[in-house]
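Participant: Structure: final37.cif, mmCIF, C-alpha atoms.
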data_my_file
#
loop_
_atom_site.label_atom_id
_atom_site.label_comp_id
_atom_site.auth_asym_id
_atom_site.auth_seq_id
_atom_site.Cartn_x
_atom_site.Cartn_y
_atom_site.Cartn_z
CA MET A 248 -31.46 59.52 1.92
CA GLY A 249 -28.85 60.22 4.60
CA TYR A 250 -26.65 57.77 6.48
CA ALA A 251 -25.72 57.67 10.14
CA GLN A 252 -23.62 55.70 12.60
CA LEU A 253 -24.64 55.77 16.25
CA VAL A 254 -21.40 55.03 18.10
CA ILE A 255 -22.28 53.58 21.51
CA GLY A 256 -20.69 51.44 24.20
CA PRO A 257 -19.39 51.59 27.78
CA ALA A 258 -17.24 54.46 29.02
CA GLY A 259 -13.61 53.91 28.05
CA SER A 260 -14.37 51.56 25.17
CA GLY A 261 -12.74 53.91 22.65
CA LYS A 262 -15.71 55.66 21.03
CA SER A 263 -14.02 59.02 20.49
CA THR A 264 -10.81 57.32 19.36
CA TYR A 265 -12.85 55.31 16.87
CA CYS A 266 -14.54 58.46 15.57
CA ASN A 267 -11.19 60.21 15.22
CA ASN A 268 -9.56 57.34 13.33
CA LEU A 269 -12.63 56.87 11.16
CA HIS A 270 -12.52 60.56 10.25
CA GLN A 271 -8.80 60.37 9.41
CA HIS A 272 -9.29 57.23 7.33
CA CYS A 273 -12.18 58.72 5.36
CA GLU A 274 -10.22 61.91 4.81
CA SER A 275 -7.28 59.88 3.44
CA ILE A 276 -9.52 58.12 0.88
CA GLY A 277 -11.34 61.29 -0.15
CA ARG A 278 -14.60 60.50 1.61
CA THR A 279 -16.48 63.02 3.74
CA VAL A 280 -18.00 62.18 7.12
CA HIS A 281 -19.42 64.59 9.65
CA ILE A 282 -18.84 63.89 13.36
CA VAL A 283 -21.63 64.88 15.74
CA ASN A 284 -20.88 65.10 19.46
CA LEU A 285 -23.81 63.90 21.59
CA ASP A 286 -21.83 63.78 24.86
CA PRO A 287 -22.66 66.85 26.97
CA ALA A 288 -19.74 65.97 29.28
CA ALA A 289 -17.09 66.03 26.53
CA GLU A 290 -14.20 68.44 27.01
CA SER A 291 -12.03 68.30 23.89
CA PHE A 292 -11.81 66.50 20.56
CA ASP A 293 -9.07 65.29 18.24
CA TYR A 294 -11.41 65.56 15.27
CA PRO A 295 -13.49 68.42 13.81
CA VAL A 296 -17.00 68.50 15.28
CA SER A 297 -19.75 69.46 12.85
CA ILE A 298 -22.56 69.55 15.44
CA ASP A 299 -22.08 69.75 19.22
CA ILE A 300 -24.77 69.07 21.82
CA ARG A 301 -22.90 71.41 24.18
CA ASP A 302 -24.22 74.28 22.06
CA LEU A 303 -27.64 73.21 23.36
CA ILE A 304 -26.80 71.99 26.87
CA SER A 305 -23.73 70.94 28.86
CA LEU A 306 -23.40 68.57 31.78
CA GLU A 307 -21.31 71.07 33.75
CA ASP A 308 -24.06 73.70 33.61
CA VAL A 309 -26.77 71.20 34.55
CA MET A 310 -24.83 69.90 37.56
CA GLU A 311 -24.14 73.42 38.77
CA GLU A 312 -27.61 74.89 38.25
CA LEU A 313 -29.76 71.88 39.24
CA ASN A 314 -27.40 70.38 41.84
CA LEU A 315 -27.44 66.98 40.12
CA GLY A 316 -24.73 64.32 40.09
CA PRO A 317 -22.98 63.20 36.89
CA ASN A 318 -25.38 60.37 36.04
CA GLY A 319 -28.56 62.27 36.86
CA GLY A 320 -27.22 65.31 35.05
CA LEU A 321 -26.43 63.28 31.94
CA VAL A 322 -29.92 61.78 31.86
CA TYR A 323 -31.37 65.30 32.19
CA CYS A 324 -29.20 66.50 29.28
CA MET A 325 -30.30 63.66 27.01
CA GLU A 326 -33.96 64.15 27.87
CA HIS A 327 -33.50 67.84 27.07
CA LEU A 328 -32.08 66.81 23.69
CA GLU A 329 -35.12 64.57 23.17
CA GLU A 330 -37.40 67.55 23.80
CA ASN A 331 -35.48 69.62 21.23
CA LEU A 332 -35.17 67.14 18.35
CA ASP A 333 -37.72 68.94 16.18
CA ASP A 334 -36.23 72.34 16.93
CA TRP A 335 -32.51 72.40 17.66
CA LEU A 336 -31.38 69.17 15.98
CA ALA A 337 -33.61 69.63 12.95
CA GLU A 338 -32.10 73.08 12.46
CA GLN A 339 -28.55 71.71 12.84
CA LEU A 340 -29.17 69.05 10.19
CA GLU A 341 -30.79 71.42 7.68
CA GLY A 342 -27.56 72.14 5.84
CA TYR A 343 -26.70 68.55 5.06
CA LEU A 344 -27.40 66.90 1.73
CA ASP A 345 -29.41 63.77 1.22
CA ASP A 346 -26.35 61.54 0.83
CA ASP A 347 -24.31 63.00 3.72
CA TYR A 348 -22.79 60.58 6.23
CA LEU A 349 -23.07 61.43 9.93
CA VAL A 350 -21.26 59.78 12.84
CA PHE A 351 -22.81 60.39 16.26
CA ASP A 352 -20.31 60.11 19.11
CA CYS A 353 -22.51 59.19 22.09
CA PRO A 354 -22.09 59.19 25.90
CA GLY A 355 -20.78 56.09 27.67
CA GLN A 356 -23.59 55.51 30.19
CA ILE A 357 -25.02 52.20 29.05
CA GLU A 358 -28.43 52.78 30.65
CA LEU A 359 -29.09 55.41 27.97
CA TYR A 360 -29.28 52.61 25.40
CA SER A 361 -30.69 49.76 27.45
CA HIS A 362 -33.16 51.25 29.97
CA ILE A 363 -34.07 54.82 29.04
CA PRO A 364 -35.94 55.33 25.74
CA VAL A 365 -34.16 58.56 24.78
CA PHE A 366 -31.92 56.99 22.12
CA ARG A 367 -34.76 54.88 20.74
CA ILE A 368 -36.72 58.10 20.26
CA PHE A 369 -33.62 59.75 18.77
CA VAL A 370 -33.11 56.90 16.28
CA ASP A 371 -36.78 56.83 15.32
CA GLN A 372 -36.62 60.56 14.58
CA LEU A 373 -33.57 60.10 12.35
CA LYS A 374 -35.43 57.39 10.45
CA ARG A 375 -38.41 59.70 9.98
CA TRP A 376 -35.96 62.20 8.49
CA ASN A 377 -34.99 59.50 6.02
CA TYR A 378 -31.65 58.47 7.54
CA ASN A 379 -30.43 54.90 7.39
CA VAL A 380 -29.00 54.29 10.88
CA CYS A 381 -26.56 51.66 12.16
CA ALA A 382 -25.74 51.24 15.84
CA VAL A 383 -22.00 50.62 16.29
CA TYR A 384 -21.43 49.03 19.70
CA LEU A 385 -17.84 49.20 20.96
CA LEU A 386 -16.37 46.91 23.60
CA ASP A 387 -12.79 47.04 24.87
CA SER A 388 -11.04 43.81 23.77
CA GLN A 389 -9.09 43.82 27.04
CA PHE A 390 -12.45 43.63 28.82
CA VAL A 391 -13.08 40.13 27.41
CA SER A 392 -10.08 38.59 29.14
CA ASP A 393 -12.37 35.97 30.66
CA ILE A 394 -15.71 34.44 29.76
CA THR A 395 -17.75 36.16 32.47
CA LYS A 396 -16.67 39.64 31.37
CA TYR A 397 -17.32 38.72 27.75
CA LEU A 398 -20.81 37.48 28.59
CA SER A 399 -21.55 40.73 30.43
CA GLY A 400 -20.51 42.66 27.32
CA CYS A 401 -22.72 40.45 25.13
CA MET A 402 -25.75 41.02 27.34
CA ALA A 403 -25.24 44.79 27.27
CA SER A 404 -24.86 44.72 23.49
CA LEU A 405 -27.95 42.55 23.08
CA SER A 406 -29.95 44.86 25.34
CA ALA A 407 -29.01 47.87 23.19
CA MET A 408 -29.75 45.89 20.03
CA VAL A 409 -33.26 45.01 21.21
CA GLN A 410 -33.94 48.53 22.49
CA LEU A 411 -32.84 50.42 19.38
CA GLU A 412 -34.07 48.02 16.66
CA VAL A 413 -31.65 49.18 13.95
CA PRO A 414 -28.83 47.36 12.12
CA HIS A 415 -26.16 46.60 14.70
CA VAL A 416 -22.40 46.09 14.36
CA ASN A 417 -20.35 45.02 17.39
CA ILE A 418 -16.66 45.88 17.53
CA LEU A 419 -13.84 44.75 19.79
CA THR A 420 -11.60 47.79 20.09
CA LYS A 421 -7.98 48.28 21.16
CA MET A 422 -6.80 45.10 19.43
CA ASP A 423 -3.43 46.80 19.01
CA LEU A 424 -2.99 46.56 22.80
CA VAL A 425 -3.84 42.85 23.08
CA LYS A 426 -0.76 40.67 23.48
CA ASN A 427 -2.30 37.28 22.75
CA LYS A 428 -4.66 37.98 19.86
CA LYS A 429 -5.36 34.30 19.17
CA GLU A 430 -7.19 34.06 22.50
CA ILE A 431 -9.58 36.76 21.31
CA LYS A 432 -10.63 34.91 18.16
CA LYS A 433 -13.01 32.57 19.99
CA PHE A 434 -14.99 35.61 21.12
CA LEU A 435 -15.60 36.99 17.61
CA ASN A 436 -18.19 34.39 16.55
CA PRO A 437 -18.76 32.42 19.74
CA ASP A 438 -20.01 28.83 19.82
CA PRO A 439 -22.71 28.72 22.54
CA ARG A 440 -21.68 25.18 23.53
CA LEU A 441 -18.12 26.26 24.15
CA LEU A 442 -19.35 29.33 26.03
CA LEU A 443 -21.48 27.11 28.24
CA SER A 444 -18.56 24.77 28.89
CA ASP A 445 -16.28 27.67 29.83
CA LEU A 446 -18.94 29.21 32.06
CA ASN A 447 -19.54 25.96 33.91
CA GLN A 448 -15.80 25.62 34.55
CA TYR A 449 -15.55 29.20 35.74
CA MET A 450 -18.62 29.37 37.98
CA ALA A 451 -20.07 27.37 40.87
CA PRO A 452 -22.34 24.38 40.00
CA ARG A 453 -25.42 26.16 41.35
CA TYR A 454 -25.21 28.55 38.40
CA ALA A 455 -25.42 25.75 35.79
CA LYS A 456 -29.05 26.47 34.86
CA LEU A 457 -28.38 30.19 34.60
CA ASN A 458 -25.34 29.56 32.40
CA LYS A 459 -27.40 27.31 30.13
CA ALA A 460 -30.15 29.93 29.83
CA LEU A 461 -27.65 32.68 28.94
CA ALA A 462 -25.90 30.53 26.34
CA GLU A 463 -29.25 29.60 24.79
CA LEU A 464 -30.27 33.26 24.71
CA LEU A 465 -27.21 34.17 22.65
CA ASP A 466 -27.77 31.14 20.43
CA ASP A 467 -31.45 31.98 19.88
CA TYR A 468 -30.66 35.49 18.68
CA SER A 469 -27.59 34.38 16.70
CA MET A 470 -26.74 38.07 16.43
CA VAL A 471 -24.02 38.73 18.98
CA SER A 472 -20.72 38.55 17.13
CA PHE A 473 -17.81 40.97 17.08
CA LEU A 474 -15.43 42.46 14.53
CA PRO A 475 -11.85 43.16 15.64
CA LEU A 476 -10.52 46.69 15.27
CA ASP A 477 -6.83 47.56 15.27
CA ILE A 478 -6.56 51.30 14.67
CA THR A 479 -2.90 50.96 13.65
CA LYS A 480 -3.99 49.08 10.49
CA GLU A 481 -5.81 51.02 7.78
CA ASP A 482 -7.22 47.80 6.32
CA SER A 483 -8.82 47.03 9.68
CA ILE A 484 -10.62 50.38 9.74
CA GLN A 485 -11.78 49.91 6.14
CA TYR A 486 -13.02 46.41 6.96
CA ILE A 487 -15.16 47.77 9.81
CA LEU A 488 -16.43 50.65 7.68
CA SER A 489 -17.39 48.29 4.86
CA HIS A 490 -19.50 46.17 7.21
CA ILE A 491 -21.30 49.27 8.48
CA ASP A 492 -21.79 50.60 4.94
CA ASN A 493 -23.36 47.27 3.98
CA ALA A 494 -25.70 47.46 6.99
CA ILE A 495 -27.03 50.89 5.96
CA GLN A 496 -26.79 50.26 2.19
CA TYR A 497 -24.22 52.98 1.59
CA GLY A 498 -22.46 52.67 -1.76
CA GLU A 499 -23.30 50.22 -4.51
CA ASP A 500 -19.95 48.38 -4.32
CA ALA A 501 -19.79 48.03 -0.49
CA ASP A 502 -20.49 44.29 -0.73
CA VAL A 503 -17.28 43.93 -2.73
CA LYS A 504 -15.12 46.08 -0.46
CA VAL A 505 -15.84 43.96 2.59
CA LYS A 506 -13.94 41.06 1.06
CA TYR A 507 -10.67 42.97 0.78
CA PHE A 508 -9.55 42.37 4.35
CA ASP A 509 -9.18 39.19 6.37
CA PRO A 510 -9.87 39.70 10.10
CA ASP A 511 -7.66 36.68 10.85
CA PHE A 512 -4.73 39.02 10.21
CA ILE A 513 -5.69 40.89 13.38
CA THR A 514 -6.45 37.86 15.51
CA GLY A 515 -3.15 36.13 14.93
CA GLU A 516 -3.98 33.56 12.26
CA ASP A 517 -1.35 35.11 9.99
CA GLY A 518 1.31 33.50 12.12
CA GLY A 519 2.06 36.45 14.37
CA ASP A 520 0.48 38.50 17.11
CA ASP A 521 0.89 41.92 15.52
#
Turn this file's structure into structure tokens for me.
Facilitator:
Amino acid sequence: MGYAQLVIGPAGSGKSTYCNNLHQHCESIGRTVHIVNLDPAAESFDYPVSIDIRDLISLEDVMEELNLGPNGGLVYCMEHLEENLDDWLAEQLEGYLDDDYLVFDCPGQIELYSHIPVFRIFVDQLKRWNYNVCAVYLLDSQFVSDITKYLSGCMASLSAMVQLEVPHVNILTKMDLVKNKKEIKKFLNPDPRLLLSDLNQYMAPRYAKLNKALAELLDDYSMVSFLPLDITKEDSIQYILSHIDNAIQYGEDADVKVKYFDPDFITGEDGGDD
């Protein structure tokens, strides 16, 4: 059995930075991970790439030859990947052992995970090849500066969660750049009643029914919660990795490792903001 992380999220949420720091952390603890680039628009990497979609197709070539814009070109690239899963990708994965750990660094266009079935088909193929897959959804912590932006992020995450139907871990990135970390804590495991109260204060009264419906949606699923990630703290990276390992059943002692780190240290409960 193989193991895989599907690193997704909006453009600028820190996906490649996450992959780079995850690779460095695993290297420091003697653990091997293989990073796979699935972004045909990528230009350079700070980490070694084991498999690169640009060897199959690149956004630049598609835009030039088919006269498509960036978004249309990206969709074309991913549909081309879908058509070549049994050929190109299967060949690329042939050399990996059953217990290898792959990290797929994905494009930032959210419609690829929420509207277009290409990544659902991709994930289903990995599962047929006997990979345990976890979707790792990244959201910039500075994006949740107010309740409306946070709710937008939750809806996008929930949409991807429903579309992909695999274990799902949500991460608030760039916590090292947040000045008031205590304000972020309420967004990690949100209380729908408090969300509703904040929304009603923030928005016009005519949106009260919509606010109530959105809060109830999050409450009904009880699945949209976030883990804080501060890449300057090794324990924070290990904490995230342990949660993902648990989700895909990697390592017999993963359920013990997850207890080693207290996320309150990141969110300011230790008495400081750093």
Participant: Nearest residue to Gly256 of chain A out of A:Gly498, A:Gly355, A:Pro317, A:Pro439, using all atoms listed in the file?
Facilitator: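 Closest to Gly256 of chain A of all the choices is A:Gly355.
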Participant: Kindly resolve the PyMOL selection byres ((chain A and resi 320) around 12) on the present coordinates and return the residues as a list of chain:residue names.
Facilitator: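 On this input, the PyMOL selection byres ((chain A and resi 320) around 12) captures A:Asp286, A:Pro287, A:Ala288, A:Ile304, A:Ser305, A:Leu306, A:Glu307, A:Asp308, A:Val309, A:Met310, A:Glu311, A:Glu312, A:Leu313, A:Asn314, A:Leu315, A:Gly316, A:Pro317, A:Asn318, A:Gly319, A:Leu321, A:Val322, A:Tyr323, A:Cys324, A:Met325, A:Glu326, A:His327, A:Gln356.
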Participant: Dig up all the protein and nucleic acid residues within 12 Å of (-18.0, 37.1, 32.6) in the file frame, using all atoms listed in the file, and format them as a list in words.
Facilitator: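 Within 12 Å of (-18.0, 37.1, 32.6), the protein and nucleic acid residues are Phe390, Val391, Ser392, Asp393, Ile394, Thr395, Lys396, Tyr397, Leu398, Ser399, Gly400, Cys401, Met402, Ala403, Phe434, Leu442, Leu443, Asp445, Leu446, Asn447, Gln448, Tyr449, Met450, Asn458 and Leu461 of chain A.
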Participant: Atoms to include: C-alpha atoms. Write the selected residues as a compact mmCIF listing (two decimals), keeping the file's coordinate frame.
Facilitator:
# COMPACT_ATOMS: atom_id res chain seq x y z
CA PHE A 390 -12.45 43.63 28.82
CA VAL A 391 -13.08 40.13 27.41
CA SER A 392 -10.08 38.59 29.14
CA ASP A 393 -12.37 35.97 30.66
CA ILE A 394 -15.71 34.44 29.76
CA THR A 395 -17.75 36.16 32.47
CA LYS A 396 -16.67 39.64 31.37
CA TYR A 397 -17.32 38.72 27.75
CA LEU A 398 -20.81 37.48 28.59
CA SER A 399 -21.55 40.73 30.43
CA GLY A 400 -20.51 42.66 27.32
CA CYS A 401 -22.72 40.45 25.13
CA MET A 402 -25.75 41.02 27.34
CA ALA A 403 -25.24 44.79 27.27
CA PHE A 434 -14.99 35.61 21.12
CA LEU A 442 -19.35 29.33 26.03
CA LEU A 443 -21.48 27.11 28.24
CA ASP A 445 -16.28 27.67 29.83
CA LEU A 446 -18.94 29.21 32.06
CA ASN A 447 -19.54 25.96 33.91
CA GLN A 448 -15.80 25.62 34.55
CA TYR A 449 -15.55 29.20 35.74
CA MET A 450 -18.62 29.37 37.98
CA ASN A 458 -25.34 29.56 32.40
CA LEU A 461 -27.65 32.68 28.94
Participant: Once the PyMOL selection byres ((chain A and resi 340) around 12) is applied to the coordinates I shared, what remains selected? I want it as a PyMOL selection string.
Facilitator: chain A and resi 249+251+281-283+297-299+332-339+341-345+347-349+373+376-378
Participant: Take the residues just selected and output them with C-alpha atoms as a PDB file, in the frame of the given file.
Facilitator:
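What ended up in result_30.pdb:
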ATOM      1  CA  GLY A 249     -28.850  60.220   4.600  1.00  0.00           C
ATOM      2  CA  ALA A 251     -25.720  57.670  10.140  1.00  0.00           C
ATOM      3  CA  HIS A 281     -19.420  64.590   9.650  1.00  0.00           C
ATOM      4  CA  ILE A 282     -18.840  63.890  13.360  1.00  0.00           C
ATOM      5  CA  VAL A 283     -21.630  64.880  15.740  1.00  0.00           C
ATOM      6  CA  SER A 297     -19.750  69.460  12.850  1.00  0.00           C
ATOM      7  CA  ILE A 298     -22.560  69.550  15.440  1.00  0.00           C
ATOM      8  CA  ASP A 299     -22.080  69.750  19.220  1.00  0.00           C
ATOM      9  CA  LEU A 332     -35.170  67.140  18.350  1.00  0.00           C
ATOM     10  CA  ASP A 333     -37.720  68.940  16.180  1.00  0.00           C
ATOM     11  CA  ASP A 334     -36.230  72.340  16.930  1.00  0.00           C
ATOM     12  CA  TRP A 335     -32.510  72.400  17.660  1.00  0.00           C
ATOM     13  CA  LEU A 336     -31.380  69.170  15.980  1.00  0.00           C
ATOM     14  CA  ALA A 337     -33.610  69.630  12.950  1.00  0.00           C
ATOM     15  CA  GLU A 338     -32.100  73.080  12.460  1.00  0.00           C
ATOM     16  CA  GLN A 339     -28.550  71.710  12.840  1.00  0.00           C
ATOM     17  CA  GLU A 341     -30.790  71.420   7.680  1.00  0.00           C
ATOM     18  CA  GLY A 342     -27.560  72.140   5.840  1.00  0.00           C
ATOM     19  CA  TYR A 343     -26.700  68.550   5.060  1.00  0.00           C
ATOM     20  CA  LEU A 344     -27.400  66.900   1.730  1.00  0.00           C
ATOM     21  CA  ASP A 345     -29.410  63.770   1.220  1.00  0.00           C
ATOM     22  CA  ASP A 347     -24.310  63.000   3.720  1.00  0.00           C
ATOM     23  CA  TYR A 348     -22.790  60.580   6.230  1.00  0.00           C
ATOM     24  CA  LEU A 349     -23.070  61.430   9.930  1.00  0.00           C
ATOM     25  CA  LEU A 373     -33.570  60.100  12.350  1.00  0.00           C
ATOM     26  CA  TRP A 376     -35.960  62.200   8.490  1.00  0.00           C
ATOM     27  CA  ASN A 377     -34.990  59.500   6.020  1.00  0.00           C
ATOM     28  CA  TYR A 378     -31.650  58.470   7.540  1.00  0.00           C
TER      29      TYR A 378
END
Participant: Report as number ranges by chain all protein, DNA and RNA residues lying within 10 Å of segment 407-421 of chain A, evaluated on only C-alpha atoms, omitting residues in the same chain fewer than 6 positions from it.
Facilitator: A: 252-256, 260-262, 264-265, 357-371, 374, 379-391, 401, 431, 434-435, 470-479, 487, 490-491, 493-495
Participant: If you measure from atom CA of Tyr497 of chain A to atom CA of Glu274 of chain A, what distance in Å do you get, rounded to one decimal?
Facilitator: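 Atom CA of Glu274 of chain A lies at a distance of 16.9 Å from atom CA of Tyr497 of chain A.
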Participant: Restricting the calculation to all atoms listed in the file: of A:Ala451, A:Ala460, A:Asp293, A:Asn284, which residue gets closest to His270 of chain A?
Facilitator: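 Using all atoms listed in the file, the shortest distance to His270 of chain A belongs to A:Asp293.
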Participant: Between A:Ala289, A:Ile276, A:Arg301, A:Leu488, single out the one closest to Ala258 of chain A, counting only C-alpha atoms.
Facilitator: A:Ala289
Participant: So what do you get for atom CA of Ser275 of chain A versus atom CA of Val425 of chain A, distance-wise?
Facilitator: 26.2 Å
Participant: Rounded to one decimal, what separation in Å do you get between atom CA of Ala462 of chain A and atom CA of Arg440 of chain A?
Facilitator: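 Going from atom CA of Ala462 of chain A over to atom CA of Arg440 of chain A covers 7.4 Å.
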Participant: Using only C-alpha atoms for the distances, tell me which of A:Cys273, A:Lys433, A:Ser406, A:Glu463 is nearest to Val350 of chain A.
Facilitator: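 Going through A:Cys273, A:Lys433, A:Ser406, A:Glu463 one by one, the smallest distance to Val350 of chain A is for A:Cys273.
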Participant: Kindly output segment 398-425 of chain A as a JSON list (two decimals), in the frame of the given file, after building N, CA and C atoms.
Facilitator:
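File written: out17.json
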[["chain", "number", "residue", "atom", "x", "y", "z"],
["A", 398, "LEU", "N", -19.37, 37.69, 28.55],
["A", 398, "LEU", "CA", -20.81, 37.48, 28.59],
["A", 398, "LEU", "C", -21.53, 38.75, 29.03],
["A", 399, "SER", "N", -20.97, 39.46, 29.99],
["A", 399, "SER", "CA", -21.55, 40.73, 30.43],
["A", 399, "SER", "C", -21.61, 41.71, 29.27],
["A", 400, "GLY", "N", -20.54, 41.78, 28.48],
["A", 400, "GLY", "CA", -20.51, 42.66, 27.32],
["A", 400, "GLY", "C", -21.55, 42.26, 26.28],
["A", 401, "CYS", "N", -21.72, 40.95, 26.08],
["A", 401, "CYS", "CA", -22.72, 40.45, 25.13],
["A", 401, "CYS", "C", -24.13, 40.84, 25.56],
["A", 402, "MET", "N", -24.41, 40.70, 26.85],
["A", 402, "MET", "CA", -25.75, 41.02, 27.34],
["A", 402, "MET", "C", -26.05, 42.52, 27.17],
["A", 403, "ALA", "N", -25.05, 43.35, 27.44],
["A", 403, "ALA", "CA", -25.24, 44.79, 27.27],
["A", 403, "ALA", "C", -25.47, 45.14, 25.81],
["A", 404, "SER", "N", -24.70, 44.49, 24.93],
["A", 404, "SER", "CA", -24.86, 44.72, 23.49],
["A", 404, "SER", "C", -26.23, 44.26, 23.02],
["A", 405, "LEU", "N", -26.65, 43.09, 23.48],
["A", 405, "LEU", "CA", -27.95, 42.55, 23.08],
["A", 405, "LEU", "C", -29.09, 43.43, 23.58],
["A", 406, "SER", "N", -28.93, 43.97, 24.78],
["A", 406, "SER", "CA", -29.95, 44.86, 25.34],
["A", 406, "SER", "C", -30.10, 46.11, 24.47],
["A", 407, "ALA", "N", -28.97, 46.69, 24.06],
["A", 407, "ALA", "CA", -29.01, 47.87, 23.19],
["A", 407, "ALA", "C", -29.60, 47.52, 21.83],
["A", 408, "MET", "N", -29.26, 46.34, 21.33],
["A", 408, "MET", "CA", -29.75, 45.89, 20.03],
["A", 408, "MET", "C", -31.28, 45.78, 20.03],
["A", 409, "VAL", "N", -31.81, 45.18, 21.09],
["A", 409, "VAL", "CA", -33.26, 45.01, 21.21],
["A", 409, "VAL", "C", -33.96, 46.35, 21.40],
["A", 410, "GLN", "N", -33.33, 47.22, 22.19],
["A", 410, "GLN", "CA", -33.94, 48.53, 22.49],
["A", 410, "GLN", "C", -34.00, 49.42, 21.26],
["A", 411, "LEU", "N", -32.92, 49.46, 20.47],
["A", 411, "LEU", "CA", -32.84, 50.42, 19.38],
["A", 411, "LEU", "C", -33.50, 49.93, 18.10],
["A", 412, "GLU", "N", -33.45, 48.63, 17.84],
["A", 412, "GLU", "CA", -34.07, 48.02, 16.66],
["A", 412, "GLU", "C", -33.59, 48.67, 15.35],
["A", 413, "VAL", "N", -32.27, 48.75, 15.20],
["A", 413, "VAL", "CA", -31.65, 49.18, 13.95],
["A", 413, "VAL", "C", -30.52, 48.20, 13.64],
["A", 414, "PRO", "N", -30.02, 48.19, 12.40],
["A", 414, "PRO", "CA", -28.83, 47.36, 12.12],
["A", 414, "PRO", "C", -27.74, 47.61, 13.14],
["A", 415, "HIS", "N", -27.04, 46.55, 13.54],
["A", 415, "HIS", "CA", -26.16, 46.60, 14.70],
["A", 415, "HIS", "C", -24.83, 45.92, 14.35],
["A", 416, "VAL", "N", -23.74, 46.64, 14.57],
["A", 416, "VAL", "CA", -22.40, 46.09, 14.36],
["A", 416, "VAL", "C", -21.63, 46.19, 15.67],
["A", 417, "ASN", "N", -21.13, 45.05, 16.16],
["A", 417, "ASN", "CA", -20.35, 45.02, 17.39],
["A", 417, "ASN", "C", -18.86, 44.98, 17.07],
["A", 418, "ILE", "N", -18.09, 45.77, 17.80],
["A", 418, "ILE", "CA", -16.66, 45.88, 17.53],
["A", 418, "ILE", "C", -15.86, 45.68, 18.81],
["A", 419, "LEU", "N", -14.83, 44.86, 18.71],
["A", 419, "LEU", "CA", -13.84, 44.75, 19.79],
["A", 419, "LEU", "C", -12.71, 45.72, 19.49],
["A", 420, "THR", "N", -12.60, 46.75, 20.32],
["A", 420, "THR", "CA", -11.60, 47.79, 20.09],
["A", 420, "THR", "C", -10.28, 47.48, 20.80],
["A", 421, "LYS", "N", -9.30, 48.32, 20.51],
["A", 421, "LYS", "CA", -7.98, 48.28, 21.16],
["A", 421, "LYS", "C", -7.26, 46.94, 20.93],
["A", 422, "MET", "N", -7.49, 46.35, 19.75],
["A", 422, "MET", "CA", -6.80, 45.10, 19.43],
["A", 422, "MET", "C", -5.29, 45.29, 19.33],
["A", 423, "ASP", "N", -4.86, 46.52, 19.08],
["A", 423, "ASP", "CA", -3.43, 46.80, 19.01],
["A", 423, "ASP", "C", -2.76, 46.67, 20.37],
["A", 424, "LEU", "N", -3.55, 46.66, 21.45],
["A", 424, "LEU", "CA", -2.99, 46.56, 22.80],
["A", 424, "LEU", "C", -3.05, 45.13, 23.35],
["A", 425, "VAL", "N", -3.69, 44.23, 22.62],
["A", 425, "VAL", "CA", -3.84, 42.85, 23.08],
["A", 425, "VAL", "C", -2.58, 42.06, 22.72]]
